[in-house]
>>> print(open('model.cif').read())   # mmCIF, C-alpha atoms (C1' of nucleotides)
data_entry
#
loop_
_atom_site.label_atom_id
_atom_site.label_comp_id
_atom_site.auth_asym_id
_atom_site.auth_seq_id
_atom_site.Cartn_x
_atom_site.Cartn_y
_atom_site.Cartn_z
CA MET A 22 0.00 0.00 0.00
CA SER A 23 3.03 2.25 0.03
CA VAL A 24 2.52 3.27 -3.54
CA GLN A 25 -0.98 4.42 -2.90
CA GLU A 26 0.13 6.33 0.16
CA ARG A 27 2.78 8.14 -1.86
CA LYS A 28 0.20 9.06 -4.47
CA GLU A 29 -2.11 10.42 -1.85
CA ARG A 30 0.71 12.46 -0.39
CA GLU A 31 1.57 13.87 -3.78
CA ARG A 32 -2.05 14.59 -4.44
CA ALA A 33 -2.41 16.45 -1.17
CA ALA A 34 0.73 18.42 -1.94
CA ARG A 35 -0.66 19.39 -5.30
CA GLU A 36 -3.89 20.50 -3.70
CA ARG A 37 -1.96 22.73 -1.33
CA LEU A 38 -0.05 24.06 -4.30
CA ILE A 39 -3.29 24.97 -6.04
CA VAL A 40 -4.62 26.84 -3.04
CA ALA A 41 -1.34 28.62 -2.37
CA THR A 42 -0.97 29.61 -6.01
CA ALA A 43 -4.53 30.86 -6.21
CA ARG A 44 -3.99 32.96 -3.10
CA GLU A 45 -0.70 34.33 -4.36
CA LEU A 46 -2.17 35.20 -7.72
CA ALA A 47 -5.17 36.85 -6.10
CA GLU A 48 -3.02 38.96 -3.81
CA GLN A 49 -0.78 40.01 -6.66
CA GLN A 50 -3.31 40.74 -9.39
CA GLY A 51 -6.75 40.46 -7.79
CA TRP A 52 -9.26 37.66 -7.95
CA ASP A 53 -10.31 38.63 -11.46
CA ALA A 54 -6.92 37.48 -12.67
CA VAL A 55 -7.36 34.07 -11.06
CA THR A 56 -8.74 32.30 -14.10
CA THR A 57 -8.71 28.54 -14.27
CA ARG A 58 -6.40 28.75 -17.26
CA LEU A 59 -3.82 30.98 -15.65
CA LEU A 60 -4.00 29.06 -12.40
CA ALA A 61 -3.49 25.78 -14.25
CA GLU A 62 -0.52 27.20 -16.09
CA ARG A 63 1.07 28.42 -12.87
CA ILE A 64 0.88 25.01 -11.24
CA GLU A 65 2.10 23.48 -14.49
CA TYR A 66 -0.89 21.25 -15.02
CA SER A 67 -3.83 21.44 -17.34
CA GLN A 68 -7.17 22.89 -16.36
CA PRO A 69 -9.07 19.66 -15.71
CA VAL A 70 -6.63 18.81 -12.93
CA LEU A 71 -8.14 21.64 -10.92
CA TYR A 72 -11.51 20.00 -11.21
CA SER A 73 -10.20 16.72 -9.89
CA HIS A 74 -9.42 18.53 -6.64
CA PHE A 75 -12.26 21.04 -6.44
CA ARG A 76 -15.78 21.16 -7.78
CA GLY A 77 -15.06 24.51 -9.34
CA LYS A 78 -13.57 27.91 -8.84
CA ARG A 79 -15.89 28.57 -5.90
CA GLU A 80 -14.39 25.77 -3.90
CA ILE A 81 -10.90 27.05 -4.56
CA ILE A 82 -11.94 30.43 -3.21
CA GLY A 83 -13.49 28.63 -0.26
CA ALA A 84 -10.25 26.81 0.44
CA VAL A 85 -8.35 30.09 0.47
CA ALA A 86 -10.99 31.49 2.79
CA LEU A 87 -10.57 28.64 5.26
CA GLU A 88 -6.82 29.07 5.25
CA GLY A 89 -7.31 32.76 5.87
CA ALA A 90 -9.73 32.17 8.71
CA ALA A 91 -7.19 30.03 10.52
CA GLU A 92 -4.52 32.67 10.07
CA MET A 93 -6.78 35.45 11.18
CA ALA A 94 -7.76 33.55 14.31
CA ALA A 95 -4.09 33.05 15.11
CA ALA A 96 -3.25 36.69 14.42
CA VAL A 97 -6.04 37.89 16.68
CA ARG A 98 -5.08 35.55 19.49
CA ALA A 99 -1.44 36.56 19.22
CA ALA A 100 -2.27 40.25 19.35
CA VAL A 101 -4.60 39.79 22.29
CA SER A 102 -2.10 37.77 24.32
CA GLY A 103 0.28 40.71 24.48
CA ALA A 104 -2.21 42.99 26.23
CA ASN A 105 -3.20 42.79 29.89
CA SER A 106 -6.15 45.09 30.45
CA PRO A 107 -9.50 44.26 28.84
CA ARG A 108 -9.49 47.66 27.16
CA GLU A 109 -6.11 46.98 25.58
CA ARG A 110 -7.13 43.48 24.57
CA VAL A 111 -10.12 44.78 22.64
CA ALA A 112 -8.10 47.53 21.01
CA ALA A 113 -5.38 45.07 20.04
CA LEU A 114 -7.99 42.74 18.62
CA ALA A 115 -9.51 45.48 16.53
CA ARG A 116 -6.15 46.58 15.18
CA ALA A 117 -5.11 43.02 14.43
CA TYR A 118 -8.36 42.38 12.58
CA LEU A 119 -8.10 45.50 10.42
CA ASP A 120 -4.42 44.91 9.89
CA PHE A 121 -5.09 41.41 8.64
CA ALA A 122 -7.75 42.69 6.25
CA GLU A 123 -5.43 45.35 4.93
CA ARG A 124 -2.44 43.08 4.45
CA ASN A 125 -4.38 40.20 2.93
CA PRO A 126 -7.09 41.88 0.90
CA ALA A 127 -7.61 38.97 -1.45
CA VAL A 128 -7.91 36.50 1.40
CA TYR A 129 -10.31 38.81 3.18
CA ASP A 130 -12.38 39.01 0.02
CA ALA A 131 -12.40 35.23 -0.23
CA MET A 132 -13.66 35.04 3.34
CA PHE A 133 -16.38 37.65 3.29
CA GLN A 134 -16.84 39.32 -0.05
CA LEU A 135 -16.80 36.49 -2.56
CA ASP A 136 -18.86 33.39 -2.75
CA GLY A 137 -16.74 30.51 -1.57
CA GLY A 138 -19.73 28.24 -1.12
CA LEU A 139 -19.19 28.08 2.63
CA ALA A 140 -21.88 27.78 5.27
CA PHE A 141 -21.91 30.44 7.96
CA ALA A 142 -23.61 30.70 11.33
CA ASP A 143 -24.79 27.16 10.85
CA GLU A 144 -24.11 23.77 12.31
CA ASP A 145 -22.15 22.59 9.28
CA THR A 146 -19.97 25.67 9.27
CA PRO A 147 -16.35 24.56 8.74
CA ALA A 148 -14.26 24.44 11.91
CA PRO A 149 -11.80 27.20 10.98
CA LEU A 150 -14.64 29.67 10.58
CA LYS A 151 -16.20 28.72 13.88
CA ASP A 152 -12.79 29.02 15.50
CA ALA A 153 -12.18 32.46 14.02
CA PHE A 154 -15.44 33.65 15.52
CA ALA A 155 -14.47 31.97 18.78
CA ALA A 156 -11.20 33.90 18.79
CA LEU A 157 -13.17 37.13 18.64
CA LEU A 158 -15.62 35.92 21.25
CA GLU A 159 -12.87 35.07 23.73
CA SER A 160 -11.78 38.66 24.10
CA LEU A 161 -14.99 40.47 23.27
CA GLY A 162 -17.24 38.43 25.50
CA GLU A 163 -15.64 39.85 28.63
CA VAL A 164 -16.50 43.42 27.68
CA ALA A 165 -20.06 42.82 26.48
CA GLY A 166 -21.48 44.49 29.57
CA ASP A 167 -24.17 43.39 31.98
CA GLY A 168 -27.24 41.80 30.49
CA VAL A 169 -25.81 41.69 26.99
CA HIS A 170 -25.31 38.33 25.40
CA PRO A 171 -21.60 37.86 24.59
CA GLY A 172 -22.39 36.31 21.23
CA LEU A 173 -24.62 39.19 20.26
CA PHE A 174 -22.03 41.72 21.33
CA THR A 175 -19.35 39.92 19.36
CA GLU A 176 -21.54 39.94 16.28
CA VAL A 177 -22.08 43.68 16.50
CA PHE A 178 -18.44 44.45 17.17
CA TRP A 179 -17.38 42.16 14.37
CA ALA A 180 -19.86 43.78 12.00
CA ALA A 181 -18.41 47.19 12.83
CA LEU A 182 -14.89 45.97 12.13
CA HIS A 183 -16.04 44.33 8.93
CA GLY A 184 -17.71 47.53 7.82
CA LEU A 185 -14.58 49.55 8.49
CA ALA A 186 -12.42 47.02 6.69
CA THR A 187 -14.53 46.74 3.56
CA LEU A 188 -15.48 50.40 3.24
CA THR A 189 -11.90 51.50 3.72
CA ARG A 190 -10.50 49.06 1.23
CA ALA A 191 -13.16 49.83 -1.36
CA GLY A 192 -12.26 53.51 -1.16
CA ARG A 193 -15.52 54.41 0.55
CA LEU A 194 -13.71 55.71 3.61
CA PRO A 195 -10.50 57.75 3.57
CA PRO A 196 -7.77 55.47 4.92
CA GLN A 197 -5.80 57.90 7.06
CA ASP A 198 -8.28 58.11 9.96
CA THR A 199 -8.31 54.41 10.77
CA GLU A 200 -6.76 54.77 14.21
CA PRO A 201 -9.21 57.35 15.62
CA ARG A 202 -12.06 55.24 14.24
CA VAL A 203 -10.77 52.23 16.13
CA GLU A 204 -10.39 54.31 19.29
CA LEU A 205 -13.94 55.54 19.02
CA LEU A 206 -15.30 52.09 18.37
CA VAL A 207 -13.49 50.52 21.29
CA ASP A 208 -14.23 53.34 23.72
CA ARG A 209 -17.92 53.34 23.00
CA LEU A 210 -18.78 49.71 22.39
CA ALA A 211 -16.63 47.93 24.97
CA MET A 212 -17.72 48.12 28.61
CA VAL A 213 -14.44 48.16 30.52
CA MET B 3 -34.74 72.22 -33.26
CA SER B 4 -37.90 70.51 -32.05
CA VAL B 5 -36.97 67.29 -33.74
CA GLN B 6 -33.68 67.12 -31.96
CA GLU B 7 -35.36 67.84 -28.64
CA ARG B 8 -37.80 65.02 -29.17
CA LYS B 9 -34.96 62.67 -29.94
CA GLU B 10 -33.12 63.67 -26.82
CA ARG B 11 -36.26 63.11 -24.78
CA GLU B 12 -36.71 59.65 -26.25
CA ARG B 13 -33.09 58.89 -25.68
CA ALA B 14 -33.30 59.93 -22.04
CA ALA B 15 -36.40 57.81 -21.62
CA ARG B 16 -34.61 54.81 -23.04
CA GLU B 17 -31.72 55.38 -20.72
CA ARG B 18 -34.08 55.37 -17.75
CA LEU B 19 -35.62 52.20 -19.13
CA ILE B 20 -32.22 50.54 -19.23
CA VAL B 21 -31.43 51.44 -15.64
CA ALA B 22 -34.87 50.46 -14.38
CA THR B 23 -34.75 47.15 -16.24
CA ALA B 24 -31.27 46.36 -14.98
CA ARG B 25 -32.38 47.06 -11.45
CA GLU B 26 -35.53 44.99 -11.78
CA LEU B 27 -33.61 42.10 -13.29
CA ALA B 28 -30.98 42.28 -10.58
CA GLU B 29 -33.56 42.30 -7.81
CA GLN B 30 -35.39 39.38 -9.33
CA GLN B 31 -32.56 37.10 -10.35
CA GLY B 32 -29.38 38.65 -8.96
CA TRP B 33 -26.71 40.67 -10.72
CA ASP B 34 -25.23 37.55 -12.30
CA ALA B 35 -28.35 37.30 -14.41
CA VAL B 36 -27.95 40.86 -15.66
CA THR B 37 -26.04 40.04 -18.81
CA THR B 38 -25.86 42.55 -21.60
CA ARG B 39 -27.72 40.14 -23.86
CA LEU B 40 -30.61 39.54 -21.51
CA LEU B 41 -30.81 43.20 -20.62
CA ALA B 42 -30.88 44.15 -24.29
CA GLU B 43 -33.61 41.64 -24.96
CA ARG B 44 -35.71 42.97 -22.08
CA ILE B 45 -35.59 46.53 -23.36
CA GLU B 46 -36.27 45.22 -26.86
CA TYR B 47 -33.12 46.61 -28.40
CA SER B 48 -29.88 45.02 -29.45
CA GLN B 49 -26.77 44.91 -27.28
CA PRO B 50 -24.82 47.77 -28.87
CA VAL B 51 -27.59 50.17 -27.90
CA LEU B 52 -26.53 49.73 -24.29
CA TYR B 53 -23.06 50.88 -25.19
CA SER B 54 -24.37 54.03 -26.80
CA HIS B 55 -25.71 55.02 -23.37
CA PHE B 56 -23.06 53.58 -21.06
CA ARG B 57 -19.40 52.76 -21.42
CA GLY B 58 -20.05 49.28 -20.20
CA LYS B 59 -21.79 47.16 -17.65
CA ARG B 60 -19.97 48.91 -14.82
CA GLU B 61 -21.57 52.21 -15.65
CA ILE B 62 -25.00 50.61 -15.68
CA ILE B 63 -24.36 49.27 -12.20
CA GLY B 64 -23.14 52.72 -11.24
CA ALA B 65 -26.36 54.30 -12.51
CA VAL B 66 -28.41 51.89 -10.41
CA ALA B 67 -26.22 52.73 -7.45
CA LEU B 68 -26.82 56.46 -7.84
CA GLU B 69 -30.56 55.91 -8.08
CA GLY B 70 -30.38 53.80 -4.96
CA ALA B 71 -28.35 56.40 -3.08
CA ALA B 72 -31.00 59.01 -3.72
CA GLU B 73 -33.73 56.67 -2.53
CA MET B 74 -31.80 55.67 0.54
CA ALA B 75 -31.19 59.29 1.46
CA ALA B 76 -34.90 59.97 1.13
CA ALA B 77 -35.83 56.88 3.13
CA VAL B 78 -33.47 57.82 5.95
CA ARG B 79 -34.69 61.40 6.07
CA ALA B 80 -38.31 60.28 6.09
CA ALA B 81 -37.71 57.85 8.93
CA VAL B 82 -35.82 60.40 10.94
CA SER B 83 -38.45 63.09 10.55
CA GLY B 84 -41.01 61.02 12.42
CA ALA B 85 -38.94 60.83 15.61
CA ASN B 86 -38.46 63.61 18.12
CA SER B 87 -35.74 62.59 20.58
CA PRO B 88 -32.18 62.23 19.33
CA ARG B 89 -32.14 58.65 20.59
CA GLU B 90 -35.21 57.81 18.54
CA ARG B 91 -33.86 59.60 15.51
CA VAL B 92 -30.71 57.51 15.51
CA ALA B 93 -32.62 54.30 16.08
CA ALA B 94 -35.03 55.17 13.28
CA LEU B 95 -32.12 55.95 11.01
CA ALA B 96 -30.47 52.63 11.73
CA ARG B 97 -33.65 50.69 11.12
CA ALA B 98 -34.36 52.58 7.93
CA TYR B 99 -30.86 51.91 6.66
CA LEU B 100 -30.97 48.19 7.35
CA ASP B 101 -34.50 48.00 6.05
CA PHE B 102 -33.46 49.59 2.79
CA ALA B 103 -30.57 47.17 2.42
CA GLU B 104 -32.82 44.22 3.10
CA ARG B 105 -35.58 45.29 0.73
CA ASN B 106 -33.27 46.33 -2.09
CA PRO B 107 -30.40 43.88 -1.91
CA ALA B 108 -29.37 44.28 -5.53
CA VAL B 109 -29.35 48.05 -5.28
CA TYR B 110 -27.35 47.85 -2.07
CA ASP B 111 -24.87 45.59 -3.81
CA ALA B 112 -24.59 48.05 -6.66
CA MET B 113 -23.86 50.81 -4.17
CA PHE B 114 -21.32 49.11 -1.96
CA GLN B 115 -20.47 45.60 -3.01
CA LEU B 116 -19.99 45.79 -6.75
CA ASP B 117 -17.75 47.96 -8.81
CA GLY B 118 -19.85 50.68 -10.34
CA GLY B 119 -16.84 52.76 -11.21
CA LEU B 120 -17.90 55.52 -8.83
CA ALA B 121 -15.59 57.76 -6.84
CA PHE B 122 -16.09 57.83 -3.10
CA ALA B 123 -14.91 60.16 -0.38
CA ASP B 124 -13.47 62.36 -3.06
CA GLU B 125 -14.17 65.73 -4.56
CA ASP B 126 -15.61 64.28 -7.74
CA THR B 127 -17.94 61.98 -5.87
CA PRO B 128 -21.37 62.15 -7.53
CA ALA B 129 -23.88 64.36 -5.75
CA PRO B 130 -26.35 61.60 -4.76
CA LEU B 131 -23.62 59.78 -2.87
CA LYS B 132 -22.51 62.88 -1.06
CA ASP B 133 -26.11 63.61 -0.23
CA ALA B 134 -26.72 60.12 1.13
CA PHE B 135 -23.78 60.55 3.46
CA ALA B 136 -25.10 63.99 4.36
CA ALA B 137 -28.45 62.44 5.27
CA LEU B 138 -26.66 60.20 7.75
CA LEU B 139 -24.56 63.06 9.04
CA GLU B 140 -27.59 65.23 9.74
CA SER B 141 -28.90 62.93 12.41
CA LEU B 142 -25.72 61.27 13.58
CA GLY B 143 -23.70 64.43 13.98
CA GLU B 144 -25.81 65.56 16.91
CA VAL B 145 -25.03 62.44 18.92
CA ALA B 146 -21.32 62.21 18.19
CA GLY B 147 -20.45 63.34 21.69
CA ASP B 148 -18.06 65.97 22.96
CA GLY B 149 -14.73 66.22 21.23
CA VAL B 150 -15.63 63.72 18.53
CA HIS B 151 -15.70 64.92 14.97
CA PRO B 152 -19.24 64.44 13.57
CA GLY B 153 -17.87 63.17 10.26
CA LEU B 154 -15.70 60.60 11.97
CA PHE B 155 -18.57 59.45 14.13
CA THR B 156 -20.82 59.13 11.11
CA GLU B 157 -18.22 57.06 9.31
CA VAL B 158 -17.94 54.64 12.21
CA PHE B 159 -21.68 54.35 12.71
CA TRP B 160 -22.18 53.90 9.01
CA ALA B 161 -19.48 51.22 8.89
CA ALA B 162 -21.25 49.35 11.68
CA LEU B 163 -24.55 49.49 9.82
CA HIS B 164 -22.86 48.43 6.62
CA GLY B 165 -21.24 45.51 8.37
CA LEU B 166 -24.54 44.38 9.84
CA ALA B 167 -26.27 44.73 6.48
CA THR B 168 -23.73 42.83 4.44
CA LEU B 169 -22.96 40.10 6.94
CA THR B 170 -26.62 39.45 7.55
CA ARG B 171 -27.51 39.30 3.90
CA ALA B 172 -24.55 37.07 3.06
CA GLY B 173 -25.68 34.59 5.68
CA ARG B 174 -22.76 35.38 7.96
CA LEU B 175 -25.08 36.54 10.74
CA PRO B 176 -28.37 34.90 11.70
CA PRO B 177 -31.12 37.27 10.61
CA GLN B 178 -33.49 37.00 13.54
CA ASP B 179 -31.51 39.07 16.04
CA THR B 180 -31.36 42.22 13.96
CA GLU B 181 -33.41 44.34 16.36
CA PRO B 182 -31.35 43.67 19.50
CA ARG B 183 -28.22 44.35 17.48
CA VAL B 184 -29.56 47.71 16.44
CA GLU B 185 -30.53 48.49 20.04
CA LEU B 186 -27.06 47.64 21.24
CA LEU B 187 -25.40 49.69 18.53
CA VAL B 188 -27.53 52.76 19.16
CA ASP B 189 -27.30 52.56 22.96
CA ARG B 190 -23.54 52.26 22.99
CA LEU B 191 -22.40 54.43 20.10
CA ALA B 192 -24.77 57.36 20.29
CA MET B 193 -24.25 59.88 23.08
CA VAL B 194 -27.74 61.03 23.93
"C1'" DA C 11 6.26 -8.65 -20.53
"C1'" DC C 12 1.56 -7.50 -20.61
"C1'" DT C 13 -2.90 -5.96 -19.23
"C1'" DC C 14 -5.72 -2.80 -17.52
"C1'" DG C 15 -7.06 0.87 -14.60
"C1'" DA C 16 -5.89 5.38 -12.96
"C1'" DT C 17 -4.38 9.88 -14.51
"C1'" DC C 18 -3.89 13.56 -17.44
"C1'" DC C 19 -4.37 16.49 -21.57
"C1'" DT C 20 -6.38 18.15 -25.97
"C1'" DA C 21 -10.24 20.02 -27.81
"C1'" DG C 22 -14.43 22.03 -27.43
"C1'" DC C 23 -19.04 23.82 -25.50
"C1'" DA C 24 -21.89 27.53 -23.91
"C1'" DC C 25 -21.54 31.69 -22.08
"C1'" DT C 26 -19.60 36.45 -20.94
"C1'" DG C 27 -18.57 41.72 -22.13
"C1'" DC C 28 -17.70 44.30 -25.91
"C1'" DT C 29 -17.09 46.11 -30.94
"C1'" DA C 30 -16.52 46.62 -36.13
"C1'" DG C 31 -18.91 47.21 -40.13
"C1'" DA C 32 -23.00 46.66 -42.88
"C1'" DC C 33 -27.50 48.45 -43.24
"C1'" DA C 34 -31.74 51.21 -42.93
"C1'" DA C 35 -34.48 55.03 -41.47
"C1'" DG C 36 -35.49 59.77 -41.28
"C1'" DC C 37 -33.85 64.37 -41.64
"C1'" DG C 38 -32.96 68.86 -44.39
"C1'" DA C 39 -31.99 70.72 -49.01
"C1'" DG C 40 -33.15 71.40 -53.74
"C1'" DC D 23 -41.62 65.24 -53.99
"C1'" DT D 24 -37.18 63.38 -54.39
"C1'" DC D 25 -32.58 62.80 -53.33
"C1'" DG D 26 -28.17 62.58 -50.59
"C1'" DC D 27 -26.48 62.16 -46.05
"C1'" DT D 28 -26.25 61.87 -41.32
"C1'" DT D 29 -27.71 59.38 -37.56
"C1'" DG D 30 -29.05 55.42 -35.40
"C1'" DT D 31 -29.47 50.38 -35.16
"C1'" DC D 32 -28.53 45.56 -35.92
"C1'" DT D 33 -25.98 41.37 -37.39
"C1'" DA D 34 -22.00 38.99 -36.77
"C1'" DG D 35 -17.98 38.12 -34.55
"C1'" DC D 36 -13.79 38.49 -31.25
"C1'" DA D 37 -11.37 37.24 -27.17
"C1'" DG D 38 -11.93 35.52 -22.91
"C1'" DT D 39 -14.55 32.90 -19.08
"C1'" DG D 40 -15.79 28.35 -16.28
"C1'" DC D 41 -16.29 23.80 -17.10
"C1'" DT D 42 -16.28 18.89 -19.35
"C1'" DA D 43 -16.24 14.82 -22.65
"C1'" DG D 44 -13.25 11.60 -24.71
"C1'" DG D 45 -9.07 9.87 -26.14
"C1'" DA D 46 -4.04 9.19 -25.11
"C1'" DT D 47 -0.52 7.82 -21.84
"C1'" DC D 48 1.67 6.08 -18.13
"C1'" DG D 49 2.68 2.88 -14.51
"C1'" DA D 50 1.33 -0.69 -11.04
"C1'" DG D 51 0.34 -5.52 -10.27
"C1'" DT D 52 0.12 -10.05 -12.24
#
>>> encode(input="model.cif", output="structure tokens")
Amino acid sequence: MSVQERKERERAARERLIVATARELAEQQGWDAVTTRLLAERIEYSQPVLYSHFRGKREIIGAVALEGAAEMAAAVRAAVSGANSPRERVAALARAYLDFAERNPAVYDAMFQLDGGLAFADEDTPAPLKDAFAALLESLGEVAGDGVHPGLFTEVFWAALHGLATLTRAGRLPPQDTEPRVELLVDRLAMV
Amino acid sequence: MSVQERKERERAARERLIVATARELAEQQGWDAVTTRLLAERIEYSQPVLYSHFRGKREIIGAVALEGAAEMAAAVRAAVSGANSPRERVAALARAYLDFAERNPAVYDAMFQLDGGLAFADEDTPAPLKDAFAALLESLGEVAGDGVHPGLFTEVFWAALHGLATLTRAGRLPPQDTEPRVELLVDRLAMV
DNA sequence: ACTCGATCCTAGCACTGCTAGACAAGCGAG
DNA sequence: CTCGCTTGTCTAGCAGTGCTAGGATCGAGT
């Protein structure tokens, strides 16, 4: 069975290569440039190979989104761990979130803007997505305030961050005032 | 010159027909279904006619977005006018905003999600967009709180609403808890 | 060494946004 | 009333998209 195991390993490696290449291409030239043809050429295989790994382009986007969710969760947790007061934890979380969105715009798009065919806020939501939300909940739950459901508070805070991230990146908000916006958001929403 | 005037009138009418049909089609079947072919068929002209009115599909989306911005501004102002306390004004504004996004998802997408080729937060931003932001500013500026720039406060509040609207509609947030989310947002952010 | 199944690629389909060039309709001039 | 000409419209087609059927090829197990 060693042969089969090797093939499966190689296959898994190729799948990772597809996802990594798609992500790289999207970050460099935007998701519009991630055509199945160009992606196939970059991984040095023909188009149909992509479809032996994924149902279609949507699933490739979804795979990038899952990868991004795991990274974002880690980034948020790392940022939070360096702060000691609840106020600083929330501020660090907000900055880490917006920073991630700014540095990985294509991944952020894959997660929230594009259709990756992923289920959200559901029982069959993929684990990385649930965990990313959990990472937010861990720090935000403690500042929800009396009588406010931590989950609900996290949703609202997250929505505010998401709004700032998308509107800024789409040119709807001038980018220079990000820091005061974060300050305002944290000061008002979090009960410290 | 009467002949030319008539022609210009007819041409303007056809342009309105294009925008209205695109919007209708998008609301019914989503923007993916708004292909230039189908749109042309619906208005009972051939494809190139579309390109004699707009540079391309982007500009058609942009036209829908401008129409939507005007309507949203009106909806917000109408909702606000019925409330007397600042607290109620802000709450009414928030509900009107989210209500508009929910009832006109395709228009909302044209405004904020899709690329309509419009300039934002810029000097050559089209008037309807500036006015829509002004409509928000009128009611939100008064509850910004001491020492907080009204424009900055409006941006943050708007971003929060935008986040709630998009995440809810994309299935990222369960739709039933919209009202408590609005309550939380208004209670915390607005200084009344 | 050979068979046969897994794996991959070539070629192509239906569709997209967009455009060149042929064609017809309707205007103003004689 | 007729004739040229501008203006407007349509047919046909291009290049590119996601996706797939079917044949070629390669390699593992007998």
>>> resolve_selection(input="model.cif", expression="the PyMOL selection byres ((chain B) within 12 of (chain C))", output="ChimeraX atom specification")
/B:3,5-6,9,34-40,49-54,56-60
>>> closest_residue(input="model.cif", among="B:Leu100, B:Leu163, B:Ala65, B:Val145", to="chain A", atoms="only C-alpha atoms")
B:Leu163
>>> resolve_selection(input="model.cif", expression="the PyMOL selection byres ((chain D and resi 28-32) around 7)", output="list in words")
Ser48 of chain B; DC27 and DT33 of chain D
>>> atom_distance(input="model.cif", atom1="atom CA of Asp148 of chain B", atom2="atom CA of Arg91 of chain B")
18.6 Å
>>> closest_residue(input="model.cif", among="D:DG35, D:DG45, D:DG26, D:DG51", to="chain A", atoms="all atoms listed in the file")
D:DG51
>>> atom_distance(input="model.cif", atom1="atom CA of Val184 of chain B", atom2="atom CA of Ala96 of chain B")
6.9 Å
>>> resolve_selection(input="model.cif", expression="the PyMOL selection byres ((chain A) within 7 of (chain B))", output="PyMOL selection string")
chain A and resi 141-142+173+177+180-181+183-185+188+192-195+202+209-210
>>> closest_residue(input="model.cif", among="B:Ala137, B:Ala72, B:Ala42, B:Ala81", to="chain D", atoms="only C-alpha atoms (C1' of nucleotides)")
B:Ala42
>>> closest_residue(input="model.cif", among="A:Pro107, A:Gly138, A:Gly168, A:Gly83", to="Ala43 of chain A", atoms="all atoms listed in the file")
A:Gly83
>>> closest_atom_pairs(input="model.cif", of="chain D", to="chain A", cutoff="12 Å", atoms="all atoms listed in the file", output="CSV")
residue,atom,partner,partner_atom,distance
D:DG38,C1',A:Thr56,CA,9.9
D:DT39,C1',A:Thr56,CA,7.7
D:DG40,C1',A:Thr57,CA,7.4
D:DC41,C1',A:Gly77,CA,7.9
D:DT42,C1',A:Pro69,CA,8.1
D:DA43,C1',A:Pro69,CA,11.1
D:DG49,C1',A:Val24,CA,11.0
D:DA50,C1',A:Val24,CA,8.6
D:DG51,C1',A:Val24,CA,11.3
>>> residues_around(input="model.cif", residues="segment 10-19 of chain B", least_positions_apart="3", cutoff="8 Å", atoms="all atoms listed in the file", output="MDAnalysis selection string")
chainID B and resid 6:7 22:23 45 55
>>> atom_distance(input="model.cif", atom1="atom CA of Trp33 of chain B", atom2="atom CA of Arg105 of chain B")
15.2 Å
>>> closest_residue(input="model.cif", among="B:Asp111, B:Asp133, B:Val194, B:Asn86", to="Gly147 of chain B", atoms="only C-alpha atoms")
B:Val194
>>> residues_around(input="model.cif", residues="Phe121 of chain A", least_positions_apart="5", cutoff="9 Å", atoms="only C-alpha atoms (C1' of nucleotides)", output="compact mmCIF listing (two decimals) with C-alpha atoms, keeping the file's coordinate frame")
# COMPACT_ATOMS: atom_id res chain seq x y z
CA GLU A 92 -4.52 32.67 10.07
CA MET A 93 -6.78 35.45 11.18
CA ALA A 96 -3.25 36.69 14.42
CA VAL A 97 -6.04 37.89 16.68
CA ARG A 116 -6.15 46.58 15.18
CA PRO A 126 -7.09 41.88 0.90
CA TYR A 129 -10.31 38.81 3.18
>>> residues_around(input="model.cif", residues="Val82 of chain B", least_positions_apart="2", cutoff="9 Å", atoms="all atoms listed in the file", output="short mmCIF file (atom, residue, chain, number, x, y, z; two decimals) with C-alpha atoms, keeping the file's coordinate frame")
data_model
loop_
_atom_site.label_atom_id
_atom_site.label_comp_id
_atom_site.auth_asym_id
_atom_site.auth_seq_id
_atom_site.Cartn_x
_atom_site.Cartn_y
_atom_site.Cartn_z
CA ALA B 77 -35.83 56.88 3.13
CA VAL B 78 -33.47 57.82 5.95
CA ARG B 79 -34.69 61.40 6.07
CA ALA B 80 -38.31 60.28 6.09
CA GLY B 84 -41.01 61.02 12.42
CA ALA B 85 -38.94 60.83 15.61
CA ASN B 86 -38.46 63.61 18.12
CA GLU B 90 -35.21 57.81 18.54
CA ARG B 91 -33.86 59.60 15.51
CA VAL B 92 -30.71 57.51 15.51
CA ALA B 93 -32.62 54.30 16.08
CA ALA B 94 -35.03 55.17 13.28
CA LEU B 95 -32.12 55.95 11.01
CA ALA B 98 -34.36 52.58 7.93
CA SER B 141 -28.90 62.93 12.41
#
>>> axis_aligned_box(input="model.cif", around="segment 41-44 of chain D", padding_each_side="4 Å", output="lines of an AutoDock Vina configuration file")
center_x = -14.8
center_y = 17.7
center_z = -20.9
size_x = 11.0
size_y = 20.2
size_z = 15.6
